[in-house]
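Okay, run_39.csv is below, CSV, C-alpha atoms and all ligand atoms:
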chain,number,residue,atom,x,y,z
A,30,MET,CA,40.1,153.6,39.5
A,31,MET,CA,43.1,154.6,37.3
A,32,SER,CA,42.2,157.4,34.9
A,33,ILE,CA,43.5,157.0,31.4
A,34,LEU,CA,42.3,160.3,30.0
A,35,ASP,CA,41.3,163.2,32.1
A,36,VAL,CA,40.1,166.5,30.5
A,37,LYS,CA,39.3,169.4,32.7
A,38,GLY,CA,37.8,172.7,31.7
A,39,LEU,CA,38.7,172.3,28.0
A,40,THR,CA,37.8,175.4,26.0
A,41,VAL,CA,38.6,175.6,22.3
A,42,ASP,CA,38.1,178.5,19.9
A,43,PHE,CA,39.1,178.6,16.2
A,44,SER,CA,40.0,182.0,14.6
A,45,THR,CA,39.4,182.5,11.0
A,46,ASN,CA,39.7,185.6,8.9
A,47,GLU,CA,36.1,186.3,9.4
A,48,ALA,CA,35.4,185.4,13.0
A,49,VAL,CA,36.1,183.4,16.1
A,50,HIS,CA,34.3,180.1,16.4
A,51,HIS,CA,33.6,178.9,20.0
A,52,VAL,CA,33.7,175.2,19.6
A,53,LEU,CA,34.4,173.6,23.0
A,54,LYS,CA,33.2,175.2,26.2
A,55,ASN,CA,34.5,174.1,29.6
A,56,VAL,CA,34.5,170.4,28.9
A,57,ASP,CA,35.2,167.9,31.7
A,58,PHE,CA,35.7,164.4,30.4
A,59,ASN,CA,37.2,161.3,31.9
A,60,ILE,CA,38.0,157.7,30.8
A,61,ASP,CA,39.0,155.1,33.2
A,62,LYS,CA,41.1,152.0,32.5
A,63,GLY,CA,39.3,149.4,30.5
A,64,GLU,CA,36.2,151.6,30.0
A,65,ILE,CA,34.3,152.0,26.8
A,66,VAL,CA,33.0,155.6,26.7
A,67,GLY,CA,30.6,157.1,24.1
A,68,LEU,CA,30.6,160.7,23.0
A,69,ILE,CA,27.3,161.6,21.3
A,70,GLY,CA,26.2,164.8,19.7
A,71,GLU,CA,24.8,166.2,16.5
A,72,SER,CA,26.9,167.3,13.6
A,73,GLY,CA,29.0,170.3,14.4
A,74,SER,CA,28.7,169.9,18.2
A,75,GLY,CA,32.5,169.6,18.6
A,76,LYS,CA,33.0,165.8,19.0
A,77,SER,CA,35.9,165.5,16.5
A,78,THR,CA,37.4,168.7,17.9
A,79,LEU,CA,37.6,167.1,21.3
A,80,ALA,CA,39.3,164.1,19.9
A,81,MET,CA,41.7,166.1,17.8
A,82,THR,CA,42.6,168.5,20.6
A,83,VAL,CA,43.5,165.6,22.8
A,84,LEU,CA,45.8,164.3,20.1
A,85,ASP,CA,47.0,167.8,19.1
A,86,ILE,CA,45.8,167.6,15.5
A,87,ASN,CA,44.1,170.5,13.6
A,88,SER,CA,45.9,173.0,15.8
A,89,GLN,CA,46.8,175.7,13.2
A,90,ASN,CA,44.2,178.3,14.1
A,91,ARG,CA,43.2,176.9,17.5
A,92,GLN,CA,43.3,178.6,20.9
A,93,MET,CA,42.7,176.3,23.8
A,94,SER,CA,42.6,176.5,27.6
A,95,GLY,CA,42.2,173.7,30.2
A,96,ASN,CA,44.0,170.6,31.2
A,97,ILE,CA,44.5,167.3,29.4
A,98,SER,CA,46.1,164.4,31.2
A,99,PHE,CA,46.9,161.0,29.9
A,100,MET,CA,47.8,158.3,32.5
A,101,GLY,CA,48.2,161.0,35.1
A,102,GLU,CA,50.5,163.2,33.1
A,103,ARG,CA,49.7,166.5,31.4
A,104,ILE,CA,49.9,166.3,27.6
A,105,ASP,CA,48.6,169.6,26.6
A,106,ASN,CA,51.6,171.7,25.7
A,107,ILE,CA,54.1,168.8,25.5
A,108,LYS,CA,56.8,168.7,22.7
A,109,LYS,CA,55.7,167.7,19.2
A,110,GLU,CA,58.1,164.8,19.3
A,111,LYS,CA,56.6,163.4,22.5
A,112,MET,CA,53.1,163.9,21.1
A,113,ARG,CA,53.9,162.0,17.9
A,114,HIS,CA,55.0,159.1,20.1
A,115,LEU,CA,51.8,159.2,22.1
A,116,ARG,CA,49.7,159.4,19.0
A,117,GLY,CA,51.2,156.5,17.2
A,118,LYS,CA,52.0,154.1,20.1
A,119,ARG,CA,49.9,154.8,23.2
A,120,ILE,CA,46.7,156.3,21.8
A,121,GLY,CA,45.3,154.6,18.7
A,122,PHE,CA,43.2,156.9,16.5
A,123,VAL,CA,40.6,155.9,14.0
A,124,PRO,CA,39.8,159.3,12.4
A,125,GLN,CA,36.4,160.2,10.9
A,126,SER,CA,36.0,158.9,7.3
A,127,SER,CA,39.1,156.8,7.9
A,128,MET,CA,38.2,154.0,5.6
A,129,ASN,CA,39.4,156.4,2.9
A,130,ALA,CA,42.5,157.3,4.9
A,131,LEU,CA,44.6,154.4,3.7
A,132,ASN,CA,46.6,154.9,0.5
A,133,PRO,CA,44.5,153.0,-2.0
A,134,LEU,CA,47.4,151.8,-4.0
A,135,VAL,CA,49.9,150.7,-1.3
A,136,LYS,CA,49.8,147.1,0.0
A,137,ILE,CA,48.2,146.7,3.4
A,138,LYS,CA,51.3,145.1,4.7
A,139,SER,CA,53.5,148.1,3.8
A,140,GLN,CA,51.2,150.6,5.4
A,141,PHE,CA,51.2,148.6,8.6
A,142,PHE,CA,55.0,148.3,8.5
A,143,GLU,CA,55.3,152.0,8.2
A,144,THR,CA,53.5,152.5,11.5
A,145,ILE,CA,55.4,149.8,13.3
A,146,LYS,CA,58.8,151.1,12.1
A,147,ALA,CA,58.0,154.6,13.2
A,148,HIS,CA,57.8,153.4,16.8
A,149,THR,CA,59.7,150.2,17.2
A,150,ASN,CA,62.9,148.4,16.0
A,151,MET,CA,61.2,145.1,15.0
A,152,SER,CA,62.6,142.8,12.4
A,153,MET,CA,60.8,142.1,9.1
A,154,GLU,CA,59.5,138.7,10.5
A,155,GLU,CA,58.3,140.3,13.7
A,156,MET,CA,56.5,143.1,11.8
A,157,LEU,CA,54.8,140.5,9.5
A,158,SER,CA,53.7,138.4,12.4
A,159,LEU,CA,52.3,141.4,14.2
A,160,THR,CA,50.5,142.6,11.1
A,161,GLU,CA,49.0,139.2,10.5
A,162,LYS,CA,47.9,138.9,14.1
A,163,SER,CA,46.1,142.2,14.1
A,164,LEU,CA,44.4,141.5,10.8
A,165,GLU,CA,43.3,138.2,12.1
A,166,MET,CA,41.8,139.9,15.1
A,167,VAL,CA,39.5,141.9,12.8
A,168,GLY,CA,38.6,139.0,10.6
A,169,ILE,CA,40.7,139.9,7.5
A,170,ASP,CA,42.1,136.8,5.8
A,171,LEU,CA,45.9,136.5,6.2
A,172,SER,CA,46.2,135.9,2.5
A,173,ARG,CA,45.3,139.5,1.9
A,174,THR,CA,48.3,141.3,3.5
A,175,ASN,CA,49.6,141.8,0.0
A,176,SER,CA,46.3,143.3,-1.2
A,177,ARG,CA,45.8,147.0,-1.7
A,178,PRO,CA,43.0,149.0,0.0
A,179,TYR,CA,41.0,149.6,-3.3
A,180,GLU,CA,40.5,145.8,-3.4
A,181,PHE,CA,38.5,145.8,-0.2
A,182,SER,CA,34.9,146.9,0.7
A,183,GLY,CA,34.3,149.9,2.9
A,184,GLY,CA,33.5,147.7,5.8
A,185,GLN,CA,36.7,145.7,5.4
A,186,ARG,CA,38.7,148.9,5.1
A,187,GLN,CA,37.2,150.1,8.3
A,188,ARG,CA,38.2,146.8,10.0
A,189,ILE,CA,41.7,147.3,8.6
A,190,MET,CA,41.9,150.8,10.1
A,191,ILE,CA,40.8,149.4,13.5
A,192,ALA,CA,43.6,146.8,13.2
A,193,LEU,CA,46.1,149.5,12.3
A,194,SER,CA,45.0,151.8,15.2
A,195,MET,CA,45.7,149.1,17.8
A,196,ILE,CA,48.7,147.4,16.3
A,197,LEU,CA,51.1,148.7,18.9
A,198,SER,CA,48.7,147.9,21.8
A,199,PRO,CA,47.8,151.4,22.8
A,200,GLU,CA,46.3,152.1,26.2
A,201,LEU,CA,43.5,154.1,24.6
A,202,ILE,CA,41.7,154.0,21.2
A,203,ILE,CA,39.8,156.9,19.9
A,204,ALA,CA,37.3,155.9,17.2
A,205,ASP,CA,35.6,158.9,15.5
A,206,GLU,CA,32.3,157.8,13.8
A,207,PRO,CA,33.7,154.3,13.0
A,208,THR,CA,30.4,153.1,11.6
A,209,THR,CA,29.1,156.1,9.6
A,210,ALA,CA,28.7,155.4,5.9
A,211,LEU,CA,28.3,151.7,6.5
A,212,ASP,CA,25.0,149.8,6.2
A,213,ALA,CA,23.2,148.8,9.4
A,214,THR,CA,24.3,145.2,9.6
A,215,VAL,CA,27.9,146.1,9.0
A,216,GLN,CA,27.7,148.9,11.6
A,217,LEU,CA,26.7,146.3,14.2
A,218,LYS,CA,29.5,144.0,13.2
A,219,ILE,CA,32.1,146.8,13.5
A,220,ILE,CA,30.7,147.9,16.9
A,221,GLU,CA,30.9,144.3,18.2
A,222,LEU,CA,34.4,144.0,16.7
A,223,LEU,CA,35.6,147.1,18.5
A,224,LYS,CA,34.2,145.8,21.8
A,225,ASN,CA,35.9,142.4,21.3
A,226,VAL,CA,39.3,143.8,20.4
A,227,VAL,CA,39.2,146.3,23.3
A,228,GLN,CA,38.4,143.5,25.7
A,229,GLN,CA,41.1,141.2,24.4
A,230,LYS,CA,43.7,143.9,24.5
A,231,HIS,CA,42.5,145.5,27.8
A,232,THR,CA,42.4,148.9,26.1
A,233,SER,CA,40.1,151.8,26.9
A,234,LEU,CA,37.9,153.1,24.1
A,235,LEU,CA,36.4,156.5,23.3
A,236,ILE,CA,33.8,156.0,20.6
A,237,ILE,CA,32.3,159.0,18.9
A,238,SER,CA,29.0,159.1,17.1
A,239,HIS,CA,25.9,161.2,16.3
A,240,ASP,CA,23.9,158.0,16.7
A,241,LEU,CA,23.2,157.1,20.4
A,242,HIS,CA,21.3,154.0,19.4
A,243,THR,CA,24.1,152.3,17.4
A,244,ILE,CA,26.9,152.7,19.8
A,245,SER,CA,25.2,152.7,23.2
A,246,ARG,CA,25.1,148.8,23.2
A,247,ILE,CA,28.8,148.6,23.9
A,248,CYS,CA,29.3,151.7,26.1
A,249,ASP,CA,29.9,151.6,29.8
A,250,ARG,CA,29.4,155.3,30.1
A,251,ILE,CA,28.1,158.0,27.8
A,252,TYR,CA,28.7,161.8,27.4
A,253,ILE,CA,26.1,163.8,25.6
A,254,MET,CA,27.5,166.9,23.9
A,255,TYR,CA,25.5,169.9,22.7
A,256,ALA,CA,27.0,173.0,21.1
A,257,GLY,CA,30.5,172.3,22.5
A,258,ARG,CA,29.3,171.6,26.0
A,259,ILE,CA,28.8,168.3,27.9
A,260,VAL,CA,25.1,168.5,28.8
A,261,GLU,CA,24.6,165.1,30.4
A,262,THR,CA,26.7,162.1,31.5
A,263,GLY,CA,26.0,158.8,33.1
A,264,THR,CA,26.3,155.1,32.7
A,265,ARG,CA,24.7,153.6,29.7
A,266,ASP,CA,21.6,152.5,31.6
A,267,GLU,CA,21.2,155.9,33.3
A,268,ILE,CA,21.3,157.6,29.9
A,269,LEU,CA,19.0,155.1,28.2
A,270,ASP,CA,16.5,154.5,30.9
A,271,ASN,CA,16.4,157.7,32.8
A,272,PRO,CA,17.6,160.7,30.7
A,273,VAL,CA,17.2,164.0,32.5
A,274,HIS,CA,18.4,166.6,30.0
A,275,PRO,CA,15.7,167.6,27.5
A,276,TYR,CA,18.2,167.2,24.7
A,277,THR,CA,19.1,163.7,25.7
A,278,GLN,CA,15.4,162.9,26.0
A,279,LYS,CA,14.8,164.2,22.4
A,280,LEU,CA,17.8,162.3,21.1
A,281,LEU,CA,16.4,159.1,22.5
A,282,ALA,CA,12.9,159.8,21.2
A,283,SER,CA,14.2,160.5,17.7
A,284,ARG,CA,16.2,157.4,17.5
A,285,LEU,CA,15.7,155.0,14.6
A,286,PRO,CA,14.5,151.6,15.4
A,287,LEU,CA,17.0,149.2,14.0
A,288,MET,CA,16.2,147.0,11.0
A,289,CYS,CA,12.4,147.3,10.9
A,290,GLU,CA,9.8,148.9,8.7
A,291,PRO,CA,10.7,152.4,7.5
A,292,VAL,CA,9.5,154.9,10.1
A,293,ARG,CA,9.1,158.6,10.2
A,294,VAL,CA,11.9,160.0,12.3
A,295,THR,CA,10.9,163.0,14.4
A,296,GLY,CA,14.1,165.0,14.3
A,297,ILE,CA,14.8,167.7,16.9
A,298,SER,CA,13.1,170.8,15.6
A,299,GLY,CA,14.8,174.2,15.5
A,300,THR,CA,18.3,175.0,14.3
A,301,PRO,CA,21.5,174.1,16.0
A,302,PRO,CA,23.2,177.0,17.7
A,303,SER,CA,25.9,179.0,16.1
A,304,THR,CA,29.6,178.7,17.0
A,305,LEU,CA,29.9,182.4,16.5
A,306,LYS,CA,27.6,183.4,19.3
A,307,LYS,CA,28.6,183.6,22.9
A,308,TYR,CA,25.7,182.2,24.9
A,309,GLU,CA,25.0,183.7,28.3
A,310,VAL,CA,22.4,181.1,29.0
A,311,CYS,CA,21.7,177.5,28.1
A,312,GLU,CA,22.5,176.8,24.4
A,313,PHE,CA,19.6,174.4,24.1
A,314,MET,CA,17.0,176.9,25.4
A,315,GLU,CA,15.9,177.9,21.8
A,316,ARG,CA,14.9,174.3,21.0
A,317,CYS,CA,13.8,173.2,24.5
A,318,ASP,CA,10.1,172.8,25.3
A,319,ARG,CA,10.6,172.7,29.1
A,320,VAL,CA,12.1,176.1,29.6
A,321,LEU,CA,11.9,177.4,33.2
A,322,GLU,CA,11.9,181.0,34.3
A,323,ILE,CA,15.4,180.6,35.7
A,324,CYS,CA,16.7,179.4,32.3
A,325,ARG,CA,16.2,182.8,30.8
A,326,THR,CA,18.6,184.5,33.2
A,327,ILE,CA,21.0,181.9,34.7
A,328,ARG,CA,23.2,179.4,32.9
A,329,PRO,CA,22.8,175.9,34.2
A,330,PRO,CA,25.6,174.2,36.2
A,331,GLU,CA,28.4,172.6,34.1
A,332,CYS,CA,28.8,168.8,34.0
A,333,THR,CA,31.7,167.8,36.1
A,334,SER,CA,32.7,164.7,38.0
A,335,SER,CA,30.0,165.5,40.6
A,336,VAL,CA,27.3,167.2,38.4
A,337,LYS,CA,25.8,164.8,35.8
A,338,VAL,CA,23.2,167.0,34.1
A,339,ALA,CA,23.7,170.6,33.0
A,340,CYS,CA,20.1,171.6,33.3
A,341,HIS,CA,18.0,173.6,35.8
A,342,LEU,CA,15.4,170.8,35.7
A,343,GLU,CA,17.8,168.6,37.6
A,344,SER,CA,18.0,170.9,40.6
A,345,GLN,CA,14.2,171.1,40.5
A,346,LEU,CA,13.9,167.3,40.8
A,347,GLU,CA,15.9,167.3,44.1
B,1,LIG,N1,40.2,174.6,12.2
B,1,LIG,C1,38.9,175.1,12.3
B,1,LIG,N2,38.6,176.4,12.0
B,1,LIG,C2,37.4,176.9,12.2
B,1,LIG,N3,36.4,176.2,12.6
B,1,LIG,C3,36.6,174.9,12.8
B,1,LIG,C4,37.8,174.3,12.7
B,1,LIG,N4,37.7,173.0,13.1
B,1,LIG,C5,36.4,172.8,13.4
B,1,LIG,N5,35.7,173.9,13.3
B,1,LIG,C6,34.3,174.1,13.6
B,1,LIG,O1,34.0,173.5,14.8
B,1,LIG,C7,32.7,173.0,14.8
B,1,LIG,C8,32.7,171.6,15.3
B,1,LIG,O2,33.3,170.8,14.4
B,1,LIG,P1,33.6,169.2,14.7
B,1,LIG,O3,34.2,168.6,13.5
B,1,LIG,O4,34.3,169.1,16.0
B,1,LIG,O5,32.1,168.7,14.9
B,1,LIG,P2,31.5,167.2,15.0
B,1,LIG,O6,30.7,167.1,16.3
B,1,LIG,O7,32.6,166.2,14.9
B,1,LIG,O8,30.5,167.1,13.8
B,1,LIG,P3,30.3,165.8,12.8
B,1,LIG,O9,29.3,164.9,13.5
B,1,LIG,O10,29.7,166.4,11.6
B,1,LIG,O11,31.6,165.1,12.5
B,1,LIG,C9,32.1,173.2,13.4
B,1,LIG,O12,31.3,174.3,13.4
B,1,LIG,C10,33.4,173.4,12.6
B,1,LIG,O13,33.1,174.2,11.5
B,2,MG,MG,33.2,164.8,13.6

Would you write out, as structure tokens, the structure that this file holds?
Ligand SMILES: Nc1ncnc2c1ncn2[C@@H]1O[C@H](COP(=O)(O)OP(=O)(O)OP(=O)(O)O)[C@@H](O)[C@H]1O
Ligand SMILES: [Mg+2]
Amino acid sequence: MMSILDVKGLTVDFSTNEAVHHVLKNVDFNIDKGEIVGLIGESGSGKSTLAMTVLDINSQNRQMSGNISFMGERIDNIKKEKMRHLRGKRIGFVPQSSMNALNPLVKIKSQFFETIKAHTNMSMEEMLSLTEKSLEMVGIDLSRTNSRPYEFSGGQRQRIMIALSMILSPELIIADEPTTALDATVQLKIIELLKNVVQQKHTSLLIISHDLHTISRICDRIYIMYAGRIVETGTRDEILDNPVHPYTQKLLASRLPLMCEPVRVTGISGTPPSTLKKYEVCEFMERCDRVLEICRTIRPPECTSSVKVACHLESQLE
């Protein structure tokens, strides 16, 4: 299977005046052609950092090590110019909170043209037809190409961002929390929409969320991230039906049933780990209720292409 994105041993620290934040730790991550891959973890676990490091955004105070390959070619450390091209044309990005990323006062059409012009030599007619086609795909009426973002609802703006991210038919789309801040029914529509456009365009998709329940329905494979580390990975069914890592199990148990009576959500007790601390053992141990003797002295194996669960419980099962 052709690998679209392949990340190996990615470690990212951010230095500030006060301290060094250890944000990503030895992350192995892979997306194959046509795959929809979910990246799930709680707030602060490093999900956006992973996306932005792949795209070389937010790099001012970043130190990184590891390899990032796109379509078989290393892209960490390539020239800024080449990265800009990748970012606009070959990897579509829907950044977190992106429904507020459009300029509220500039016509949708003009904002789409700007992106197209940056990467192609299309005529006005071609640009207009491409803009209309992509808006149509996300269910925005063609009569609205001359409207401005402030005239749309949040859900519509999110659709427009999705259309914009894929206008140049990228090989990969990275959508960071595309449904957060939308109500439950709109969330479902956006998720289904993403799935449909990805299938129509034969694109791969990385979808990032803190909510396993909302996005898992469209994922082929899922990575669970905790404190900057991948702690478990598997197909959607493996993760949903047979989670092994205690963190994944707790995530599943605390999920909110969709559209039903209000329920009491049992969150995961304890505090998330600090990015300032260097952990010699499993980051989840402080919140885990299945700690083994070995957990206190030896770090569990890392998730790689052959290891699917970063937990000592896994080796006990064998
Ligand atoms: N440039 C930076 N300098 C210092 N710390 C940073 C920087 N960028 C990110 N961080 C820290 O990295 C950690 C992970 O942030 P990130 O945005 O990747 O988390 P996330 O999983 O996307 O969270 P959320 O679900 O809230 O979006 C946070 O503790 C954040 O403060
Ligand atoms: Mg984020």

- Nearest to ligand LIG 1 (chain B): which of A:Lys162, A:Lys224, A:His239, A:Lys146 is it, counting all atoms listed in the file?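 Closest to ligand LIG 1 (chain B) of all the choices is A:His239.
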
- Please extract the residues at most 10 Å from ligand LIG 1 (chain B), counting all atoms listed in the file, and provide them as an MDAnalysis selection string, using the chain letters and residue numbers of this document. chainID A and resid 41:53 68:82 86:91 125:126 205:206 209 237:240 254:257 302:305

- Polymer residues at most 8 Å from A:Thr243, all atoms listed in the file, same-chain spacing of 5 or more positions, as a PyMOL selection string: chain A and resi 216-217+220

Residue subset to file, keeping C-alpha atoms, as a compact mmCIF listing (two decimals), keeping the file's coordinate frame:
# COMPACT_ATOMS: atom_id res chain seq x y z
CA GLN A 216 27.70 148.90 11.60
CA LEU A 217 26.70 146.30 14.20
CA ILE A 220 30.70 147.90 16.90

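If all atoms listed in the file are the atoms counted, then among A:Ile297, A:Val273, A:Cys317, A:Ala204 the closest residue to ligand MG 2 (chain B) is A:Ala204.
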
- Item | For A:Leu234, the nearest of the candidates A:Glu165, A:Glu343, A:Glu312, A:Glu64, counting all atoms listed in the file |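 For A:Leu234, the nearest of the given residues is A:Glu64.
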
- Query: Between A:Glu154, A:Asp270, A:Asp212, A:Asp57, which one has atoms that come closest to A:Ala282, using only C-alpha atoms?
  - Reply: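 Under the stated criterion, the closest residue is A:Asp270.
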
- Enumerate, as a PyMOL selection string, the protein, DNA and RNA residues whose atoms approach (26.0, 152.0, 28.4) to within 8 Å, taking into account only C-alpha atoms and the coordinate frame of the file. chain A and resi 245-251+264-269

- Item | Residue among A:Thr160, A:Arg113, A:Ser127, A:Asn96 lying closest to ligand MG 2 (chain B), counting only C-alpha atoms and all ligand atoms |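 Nearest candidate to ligand MG 2 (chain B) out of A:Thr160, A:Arg113, A:Ser127, A:Asn96: A:Ser127.
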
- For A:Lys62, the nearest of the candidates A:Ser233, A:Asn150, A:Thr144, A:Ser98, counting all atoms listed in the file: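 The answer is A:Ser233, which sits nearest to A:Lys62.
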
- Message: To one decimal place in Å, what is the distance between atom CA of A:Glu180 and atom CA of A:Leu211?
- Response: 16.8 Å

- Message: Counting all atoms listed in the file, find residues at most 12 Å from (47.9, 162.5, 30.6) (file frame) and give them as an MDAnalysis selection string.
- Response: chainID A and resid 31:37 59:61 83:84 96:107 111:112 115 119:120 200:201

- Work out how far apart atom CA of A:Met166 and atom CA of A:Ala210 are and give it in Å to one decimal. 22.3 Å

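Here atom CA of A:Met314 is placed at a distance of 11.0 Å from atom CA of A:His341.
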